[in-house]
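*Asks:* Shown below is the structure under consideration.
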Amino acid sequence: MRVRREPAIQIKTAAQLAAMAEAGQVVASALKAAAAAVAPGVSTAELDAIAAREIRAAGATPSFLGYHGFPATICASVNDEIVHGIPREGRRLRAGDVVSIDCGAVVDGWHADAALTVPVGTVRAELGRLTATCERALWHGLAAARPGARLGDISHAVESSIAAAGPYGVVEEYTGHGIGTAMHMDPPVPNYGRPGRGPRLRAGMALAIEPMVVLGSPETILLDDGWTVITADGSWAAHFEHTVAITADGPWVLTAADGGQAGLGDTRHSDPASVPPTPAGS
């Protein structure tokens with residue numbers, strides 16, 4: 001009989017988590033600055049330049065730039081692009097678009113990673129619901145990141161929150177991940193799964209949880225640039241992410257300005273099963 005081995009998950013000291021929190025706050029500031037600049041006519045290359053300035057000004061290093069050859073500081077994914085869109089001067093945002101901005105930074109060798117989806121001006125109501133659903137699912141996943149829980153409890157919390165909101169597609173080919181001395185580490189963190197399964201969570205672990213939710217089919221296509229992932233059916237997507245440390249006191253969201261207090265507090269009053277589903281075709 002073959003013995004199944006769970007992936008080794010890096011355990012950090014309090015000082016190491018504090019370094020990750022420094023990186024997390026740099027990421028939060030970079031994302032805030034880039035999101036504030038989103039407007040019709042702005043190019044995704046301009047958003048990249050803004051994030052790069054914020055990261056360098058803080059004395060940190062971009063995680064993404066040069067990673068396996070990636071040519072930019074952020075990923076900027078527009079509309080039907082799910083993740084890993086390459087910022088370009090010729091890609092200018094238009095009113096009604098949505099753009100997902102993903103960013104990472106390193107401080108003293110420790111990484112943090114986060115993402116958010118931003119509307120460009122006024123967007124269709126279904127896109128507002130899509131982004132709200134994705135962000136709410138992220139916070140439900142973060143709330144499940146507690147010592148003694150299982151990794152599958154996070155995945156199940158994300159999936160349950162999305163399912164309660166309506167008939168959305170949950171991307172399965174791309175997942176969250178462990179994070180620490182490298183940006184991508186064990187374990188993978190799927191956005192779907194059964195509770196009570198997978199490695200047991202321990203204080204000192206850190207995870208990047210990142211639901212990717214689409215209006216249609218979750219099937220994906222990788223473009224010829226080797227990076228940009230789009231929906232196979234052309235439906236639009238949302239992507240939210242935070243880096244969370246698992247502590248004895250509960251989740252510490254390293255990439256949220258307040259450590260996640262507001263978002264985690266909202267989940268205490270929001271049972272995924274109580275979210276009214278979106279009517280089909282609305």
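Chain labels follow the order of the structure tokens: the first chain is A, the next B, and so on; residue numbering restarts at 1 in every chain, and ligands are counted from 1 in their shown order.
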List the spatial neighbours of segment 182-189 of chain A as a list of chain:residue names - criterion: any atom at most 9 Å away, only C-alpha atoms, same-chain residues fewer than 4 positions off excluded.
*Replies:*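 In the requested form, the answer reads A:Glu6, A:Pro7, A:Ala8, A:Ile9, A:Gln10, A:Ser63, A:Phe64, A:Gly104, A:Ala105, A:Val106, A:Gly109, A:Trp110, A:His111, A:Ala112, A:Asp113, A:Leu151, A:Gly152, A:Ile154, A:Ser155, A:Thr175, A:Gly176, A:His177, A:Gly178, A:Pro199, A:Leu207, A:Ala208, A:Ile209, A:Glu210.
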*Asks:* Give me a file of those residues, with N, CA and C atoms, as a compact mmCIF listing (two decimals), in the first residue's frame.
*Replies:*
# COMPACT_ATOMS: atom_id res chain seq x y z
N GLU A 6 1.21 14.25 3.12
CA GLU A 6 0.74 15.61 2.94
C GLU A 6 1.93 16.52 2.67
N PRO A 7 1.72 17.59 1.90
CA PRO A 7 2.83 18.49 1.61
C PRO A 7 3.35 19.17 2.87
N ALA A 8 4.66 19.36 2.91
CA ALA A 8 5.25 20.08 4.05
C ALA A 8 4.87 21.56 3.93
N ILE A 9 4.36 22.14 4.99
CA ILE A 9 3.93 23.53 4.98
C ILE A 9 4.83 24.32 5.92
N GLN A 10 5.41 25.39 5.40
CA GLN A 10 6.36 26.19 6.16
C GLN A 10 5.69 26.83 7.37
N SER A 63 7.40 41.14 -6.19
CA SER A 63 7.51 39.68 -6.29
C SER A 63 7.38 39.20 -7.73
N PHE A 64 6.54 39.88 -8.51
CA PHE A 64 6.18 39.36 -9.83
C PHE A 64 7.24 39.63 -10.89
N GLY A 104 2.38 41.56 -5.70
CA GLY A 104 3.14 40.94 -4.64
C GLY A 104 4.38 41.76 -4.32
N ALA A 105 4.86 41.65 -3.09
CA ALA A 105 6.08 42.36 -2.68
C ALA A 105 6.87 41.50 -1.71
N VAL A 106 8.18 41.79 -1.64
CA VAL A 106 9.10 41.06 -0.76
C VAL A 106 9.78 42.05 0.18
N GLY A 109 13.19 39.16 2.35
CA GLY A 109 13.06 37.78 1.90
C GLY A 109 11.71 37.15 2.13
N TRP A 110 10.73 37.91 2.66
CA TRP A 110 9.41 37.38 2.97
C TRP A 110 8.36 38.02 2.06
N HIS A 111 7.50 37.19 1.51
CA HIS A 111 6.55 37.60 0.48
C HIS A 111 5.15 37.84 1.04
N ALA A 112 4.40 38.69 0.33
CA ALA A 112 2.96 38.84 0.52
C ALA A 112 2.34 39.06 -0.86
N ASP A 113 1.06 38.71 -0.99
CA ASP A 113 0.42 38.67 -2.30
C ASP A 113 -1.07 38.98 -2.11
N LEU A 151 -7.41 22.25 5.78
CA LEU A 151 -7.31 23.09 4.59
C LEU A 151 -8.62 23.06 3.80
N GLY A 152 -9.26 21.90 3.75
CA GLY A 152 -10.52 21.78 3.03
C GLY A 152 -11.63 22.65 3.60
N ILE A 154 -11.28 25.75 4.43
CA ILE A 154 -11.15 27.02 3.70
C ILE A 154 -11.78 26.89 2.33
N SER A 155 -11.41 25.85 1.61
CA SER A 155 -11.93 25.64 0.26
C SER A 155 -13.45 25.54 0.26
N THR A 175 -5.36 28.14 -8.34
CA THR A 175 -5.71 28.07 -6.93
C THR A 175 -4.88 29.05 -6.11
N GLY A 176 -5.25 29.18 -4.84
CA GLY A 176 -4.40 29.85 -3.89
C GLY A 176 -3.21 28.97 -3.54
N HIS A 177 -2.40 29.41 -2.56
CA HIS A 177 -1.14 28.72 -2.33
C HIS A 177 -0.55 29.12 -0.98
N GLY A 178 0.35 28.28 -0.51
CA GLY A 178 1.17 28.68 0.61
C GLY A 178 2.11 29.80 0.20
N PRO A 199 -4.54 18.88 4.94
CA PRO A 199 -3.65 19.10 6.10
C PRO A 199 -4.33 19.90 7.20
N LEU A 207 -1.04 31.55 4.15
CA LEU A 207 -1.67 31.12 2.89
C LEU A 207 -2.12 32.34 2.10
N ALA A 208 -2.08 32.22 0.80
CA ALA A 208 -2.71 33.20 -0.09
C ALA A 208 -3.99 32.56 -0.62
N ILE A 209 -5.11 33.11 -0.20
CA ILE A 209 -6.42 32.58 -0.61
C ILE A 209 -6.94 33.49 -1.72
N GLU A 210 -7.38 32.91 -2.85
CA GLU A 210 -7.72 33.76 -3.99
C GLU A 210 -8.81 33.15 -4.89
*Asks:* Residues at most 9 Å from Asp97 of chain A, counting only C-alpha atoms, excluding those fewer than 2 positions away in the same chain, as a list of chain:residue names?
*Replies:*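 Near neighbours after the sequence-gap exclusion: A:Pro40, A:Val78, A:Asn79, A:Leu93, A:Arg94, A:Ala95, A:Val99, A:Val118, A:Pro119, A:Val120, A:Gly121, A:Thr122, A:Val123.
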*Asks:* When you look at segment 15-27 of chain A with a cut-off of 10 Å (counting only C-alpha atoms), what residues show up, excluding the ones that are within fewer than 5 positions of it in the same chain? I need them as JSON, numbers by chain.
*Replies:* {"A": [32, 33, 51, 54, 55, 56, 57, 58, 59, 60, 61, 62, 63, 102, 103, 104, 105, 106, 107, 108, 109, 110, 111, 112, 113, 114, 115, 179, 180, 181, 204, 205, 206, 242, 243, 244, 245, 246, 247, 252, 253, 254, 255, 256, 257, 258, 259]}
*Asks:* For segment 127-144 of chain A, work out the shell of residues within 9 Å, counting only C-alpha atoms and skipping chain neighbours fewer than 6 positions away, then give it as JSON, numbers by chain.
*Replies:* {"A": [98, 116, 117, 118, 119, 150, 151, 153, 154, 155, 156, 157, 158, 159, 160, 161, 162, 165, 166, 168, 191, 209, 210, 211, 212, 213, 214, 215, 236, 237, 238, 239, 240, 241, 242, 243, 244, 250, 251, 252, 253, 260, 263, 264, 265, 266, 267, 268, 270, 271, 272, 278]}
*Asks:* Output C-alpha atoms for every residue in the selection just made, as an mmCIF file, in the first residue's frame.
*Replies:*
data_model
loop_
_atom_site.group_PDB
_atom_site.id
_atom_site.type_symbol
_atom_site.label_atom_id
_atom_site.label_comp_id
_atom_site.auth_asym_id
_atom_site.auth_seq_id
_atom_site.Cartn_x
_atom_site.Cartn_y
_atom_site.Cartn_z
ATOM 1 C CA VAL A 98 -13.610 45.531 -14.810
ATOM 2 C CA LEU A 116 -8.758 42.932 -6.129
ATOM 3 C CA THR A 117 -11.180 43.618 -8.971
ATOM 4 C CA VAL A 118 -12.058 47.235 -9.720
ATOM 5 C CA PRO A 119 -14.925 48.603 -11.847
ATOM 6 C CA ARG A 150 -8.384 21.545 7.875
ATOM 7 C CA LEU A 151 -7.315 23.089 4.585
ATOM 8 C CA ASP A 153 -12.522 23.913 5.456
ATOM 9 C CA ILE A 154 -11.154 27.019 3.704
ATOM 10 C CA SER A 155 -11.932 25.638 0.258
ATOM 11 C CA HIS A 156 -15.425 24.624 1.325
ATOM 12 C CA ALA A 157 -16.129 28.034 2.865
ATOM 13 C CA VAL A 158 -15.162 29.764 -0.392
ATOM 14 C CA GLU A 159 -17.216 27.412 -2.552
ATOM 15 C CA SER A 160 -20.271 27.539 -0.267
ATOM 16 C CA SER A 161 -20.294 31.321 -0.230
ATOM 17 C CA ILE A 162 -20.194 31.478 -4.036
ATOM 18 C CA ALA A 165 -24.960 33.772 -4.227
ATOM 19 C CA GLY A 166 -25.975 32.304 -7.573
ATOM 20 C CA TYR A 168 -21.434 31.357 -10.900
ATOM 21 C CA ASN A 191 -11.559 27.318 -4.143
ATOM 22 C CA ILE A 209 -6.422 32.582 -0.614
ATOM 23 C CA GLU A 210 -7.723 33.762 -3.991
ATOM 24 C CA PRO A 211 -11.135 32.906 -5.412
ATOM 25 C CA MET A 212 -11.619 33.413 -9.153
ATOM 26 C CA VAL A 213 -15.289 33.598 -10.094
ATOM 27 C CA VAL A 214 -16.829 33.906 -13.571
ATOM 28 C CA LEU A 215 -20.272 34.692 -14.937
ATOM 29 C CA TRP A 236 -16.236 38.083 -17.486
ATOM 30 C CA ALA A 237 -14.339 37.305 -14.300
ATOM 31 C CA ALA A 238 -13.513 38.627 -10.835
ATOM 32 C CA HIS A 239 -10.460 37.837 -8.695
ATOM 33 C CA PHE A 240 -9.798 38.754 -5.069
ATOM 34 C CA GLU A 241 -6.901 37.628 -2.877
ATOM 35 C CA HIS A 242 -5.351 38.201 0.529
ATOM 36 C CA THR A 243 -2.400 36.713 2.369
ATOM 37 C CA VAL A 244 -3.416 35.395 5.791
ATOM 38 C CA GLY A 250 -7.263 33.530 14.688
ATOM 39 C CA PRO A 251 -6.674 34.775 11.132
ATOM 40 C CA TRP A 252 -4.340 37.746 10.657
ATOM 41 C CA VAL A 253 -4.876 39.171 7.170
ATOM 42 C CA GLY A 260 -8.700 41.988 8.370
ATOM 43 C CA GLY A 263 -13.844 41.943 6.693
ATOM 44 C CA LEU A 264 -13.673 39.117 9.198
ATOM 45 C CA GLY A 265 -16.224 40.904 11.359
ATOM 46 C CA ASP A 266 -18.625 41.019 8.434
ATOM 47 C CA THR A 267 -18.442 37.242 8.015
ATOM 48 C CA ARG A 268 -19.664 36.746 11.579
ATOM 49 C CA SER A 270 -23.096 36.676 7.091
ATOM 50 C CA ASP A 271 -23.843 32.973 6.840
ATOM 51 C CA PRO A 272 -23.165 31.888 3.221
ATOM 52 C CA THR A 278 -29.041 35.744 -8.003
#
*Asks:* Quick one: distance from atom CA of His68 of chain A to atom CA of Ala232 of chain A in Å, one decimal?
*Replies:*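 Atom CA of Ala232 of chain A lies at a distance of 24.5 Å from atom CA of His68 of chain A.
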*Asks:* Considering only C-alpha atoms, state which residue in the set A:Ala125, A:Ala203, A:Val171, A:Ala248 is at the smallest distance from Ser217 of chain A.
*Replies:*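 Using only C-alpha atoms, the shortest distance to Ser217 of chain A belongs to A:Val171.
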*Asks:* Ranking A:Thr44, A:Thr13, A:Thr228, A:Ser29 by minimum distance to Phe70 of chain A and counting only C-alpha atoms, which one comes first?
*Replies:*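 Of A:Thr44, A:Thr13, A:Thr228, A:Ser29, the one nearest Phe70 of chain A is A:Thr228, counting only C-alpha atoms.
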*Asks:* For the helix (DSSP H, G or I) assignment from backbone DSSP, which residues of segment 128-215 of chain A qualify? Please present them as an NGL selection string.
*Replies:* :A and (128-143 or 151-165)
*Asks:* Output the selection as a compact mmCIF listing (two decimals), in the first residue's frame - N, CA, C and O atoms for each residue.
*Replies:*
# COMPACT_ATOMS: atom_id res chain seq x y z
N GLY A 128 -21.37 44.07 -10.77
CA GLY A 128 -21.30 44.46 -9.37
C GLY A 128 -21.58 43.28 -8.46
O GLY A 128 -20.90 43.09 -7.44
N ARG A 129 -22.57 42.46 -8.82
CA ARG A 129 -22.88 41.28 -8.02
C ARG A 129 -21.75 40.25 -8.09
O ARG A 129 -21.42 39.60 -7.09
N LEU A 130 -21.16 40.12 -9.28
CA LEU A 130 -20.05 39.18 -9.45
C LEU A 130 -18.88 39.54 -8.54
O LEU A 130 -18.35 38.68 -7.82
N THR A 131 -18.46 40.80 -8.57
CA THR A 131 -17.32 41.20 -7.75
C THR A 131 -17.64 41.10 -6.27
O THR A 131 -16.79 40.68 -5.47
N ALA A 132 -18.86 41.47 -5.88
CA ALA A 132 -19.24 41.36 -4.47
C ALA A 132 -19.24 39.90 -4.02
O ALA A 132 -18.81 39.59 -2.90
N THR A 133 -19.71 39.02 -4.88
CA THR A 133 -19.73 37.59 -4.57
C THR A 133 -18.32 37.05 -4.36
O THR A 133 -18.04 36.31 -3.41
N CYS A 134 -17.41 37.43 -5.25
CA CYS A 134 -16.03 36.95 -5.17
C CYS A 134 -15.34 37.47 -3.91
O CYS A 134 -14.69 36.70 -3.19
N GLU A 135 -15.52 38.75 -3.61
CA GLU A 135 -14.87 39.32 -2.43
C GLU A 135 -15.45 38.71 -1.15
O GLU A 135 -14.72 38.41 -0.20
N ARG A 136 -16.77 38.53 -1.10
CA ARG A 136 -17.39 37.94 0.08
C ARG A 136 -16.89 36.51 0.29
O ARG A 136 -16.61 36.09 1.43
N ALA A 137 -16.73 35.75 -0.79
CA ALA A 137 -16.24 34.38 -0.68
C ALA A 137 -14.81 34.36 -0.14
O ALA A 137 -14.45 33.48 0.66
N LEU A 138 -14.00 35.32 -0.57
CA LEU A 138 -12.64 35.41 -0.03
C LEU A 138 -12.68 35.56 1.49
O LEU A 138 -11.95 34.86 2.21
N TRP A 139 -13.52 36.46 1.99
CA TRP A 139 -13.55 36.69 3.44
C TRP A 139 -14.07 35.47 4.20
O TRP A 139 -13.60 35.18 5.31
N HIS A 140 -14.99 34.74 3.60
CA HIS A 140 -15.43 33.50 4.26
C HIS A 140 -14.29 32.49 4.32
O HIS A 140 -14.13 31.78 5.32
N GLY A 141 -13.49 32.43 3.25
CA GLY A 141 -12.33 31.54 3.27
C GLY A 141 -11.31 31.97 4.31
O GLY A 141 -10.77 31.13 5.05
N LEU A 142 -11.05 33.27 4.38
CA LEU A 142 -10.09 33.78 5.37
C LEU A 142 -10.55 33.48 6.79
O LEU A 142 -9.74 33.13 7.66
N ALA A 143 -11.84 33.60 7.04
CA ALA A 143 -12.37 33.36 8.39
C ALA A 143 -12.18 31.91 8.83
O ALA A 143 -12.15 31.62 10.03
N LEU A 151 -7.41 22.25 5.78
CA LEU A 151 -7.31 23.09 4.59
C LEU A 151 -8.62 23.06 3.80
O LEU A 151 -9.07 24.08 3.26
N GLY A 152 -9.26 21.90 3.75
CA GLY A 152 -10.52 21.78 3.03
C GLY A 152 -11.63 22.65 3.60
O GLY A 152 -12.58 22.98 2.89
N ASP A 153 -11.52 23.02 4.87
CA ASP A 153 -12.52 23.91 5.46
C ASP A 153 -12.48 25.29 4.78
O ASP A 153 -13.52 25.93 4.60
N ILE A 154 -11.28 25.75 4.43
CA ILE A 154 -11.15 27.02 3.70
C ILE A 154 -11.78 26.89 2.33
O ILE A 154 -12.59 27.72 1.90
N SER A 155 -11.41 25.85 1.61
CA SER A 155 -11.93 25.64 0.26
C SER A 155 -13.45 25.54 0.26
O SER A 155 -14.13 26.12 -0.59
N HIS A 156 -13.98 24.81 1.24
CA HIS A 156 -15.43 24.62 1.33
C HIS A 156 -16.13 25.94 1.65
O HIS A 156 -17.21 26.22 1.12
N ALA A 157 -15.52 26.75 2.51
CA ALA A 157 -16.13 28.03 2.87
C ALA A 157 -16.21 28.95 1.64
O ALA A 157 -17.22 29.63 1.42
N VAL A 158 -15.16 28.95 0.83
CA VAL A 158 -15.16 29.76 -0.39
C VAL A 158 -16.25 29.28 -1.34
O VAL A 158 -17.08 30.06 -1.84
N GLU A 159 -16.26 27.98 -1.60
CA GLU A 159 -17.22 27.41 -2.55
C GLU A 159 -18.66 27.61 -2.08
O GLU A 159 -19.54 27.97 -2.88
N SER A 160 -18.91 27.41 -0.80
CA SER A 160 -20.27 27.54 -0.27
C SER A 160 -20.78 28.97 -0.38
O SER A 160 -21.95 29.20 -0.71
N SER A 161 -19.90 29.92 -0.13
CA SER A 161 -20.29 31.32 -0.23
C SER A 161 -20.68 31.67 -1.67
O SER A 161 -21.68 32.35 -1.91
N ILE A 162 -19.90 31.20 -2.62
CA ILE A 162 -20.19 31.48 -4.04
C ILE A 162 -21.49 30.80 -4.44
O ILE A 162 -22.35 31.41 -5.10
N ALA A 163 -21.65 29.53 -4.07
CA ALA A 163 -22.84 28.79 -4.47
C ALA A 163 -24.11 29.42 -3.91
O ALA A 163 -25.16 29.41 -4.56
N ALA A 164 -24.01 30.00 -2.71
CA ALA A 164 -25.19 30.62 -2.11
C ALA A 164 -25.60 31.88 -2.84
O ALA A 164 -26.76 32.31 -2.74
N ALA A 165 -24.68 32.49 -3.57
CA ALA A 165 -24.96 33.77 -4.23
C ALA A 165 -25.56 33.62 -5.61
O ALA A 165 -26.15 34.56 -6.13
*Asks:* Between A:Leu201, A:Ala28, A:Ala145, A:Val83, single out the one closest to Ile230 of chain A, counting only C-alpha atoms.
*Replies:* A:Val83
*Asks:* Have a look at atom CA of Ile86 of chain A and atom CA of Gly169 of chain A and let me know their distance in Å, one decimal.
*Replies:* 23.3 Å
*Asks:* Which residues in segment 13-239 of chain A does DSSP call strand (DSSP E or B)? List them as a ChimeraX atom specification.
*Replies:* /A:43,61-62,74-78,81-83,92,98-107,110-119,150,169-170,176-178,185-189,200,206-209,212-214,220-222,229-231,237-239
*Asks:* By how many Å are atom CA of Leu65 of chain A and atom CA of Ala52 of chain A apart?
*Replies:*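 Taking atom CA of Leu65 of chain A and atom CA of Ala52 of chain A, their separation equals 9.4 Å.
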*Asks:* Given only C-alpha atoms as the basis, pick out the residue of A:Glu219, A:Glu172, A:Glu89, A:Asp233 nearest to Ser43 of chain A.
*Replies:*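 Looking at the shortest contact to Ser43 of chain A, the residue is A:Glu89.
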*Asks:* Counting only C-alpha atoms, figure out which residue out of A:Gly96, A:Arg124, A:Asp80, A:Ile101 gets nearest to Ala34 of chain A.
*Replies:* A:Ile101
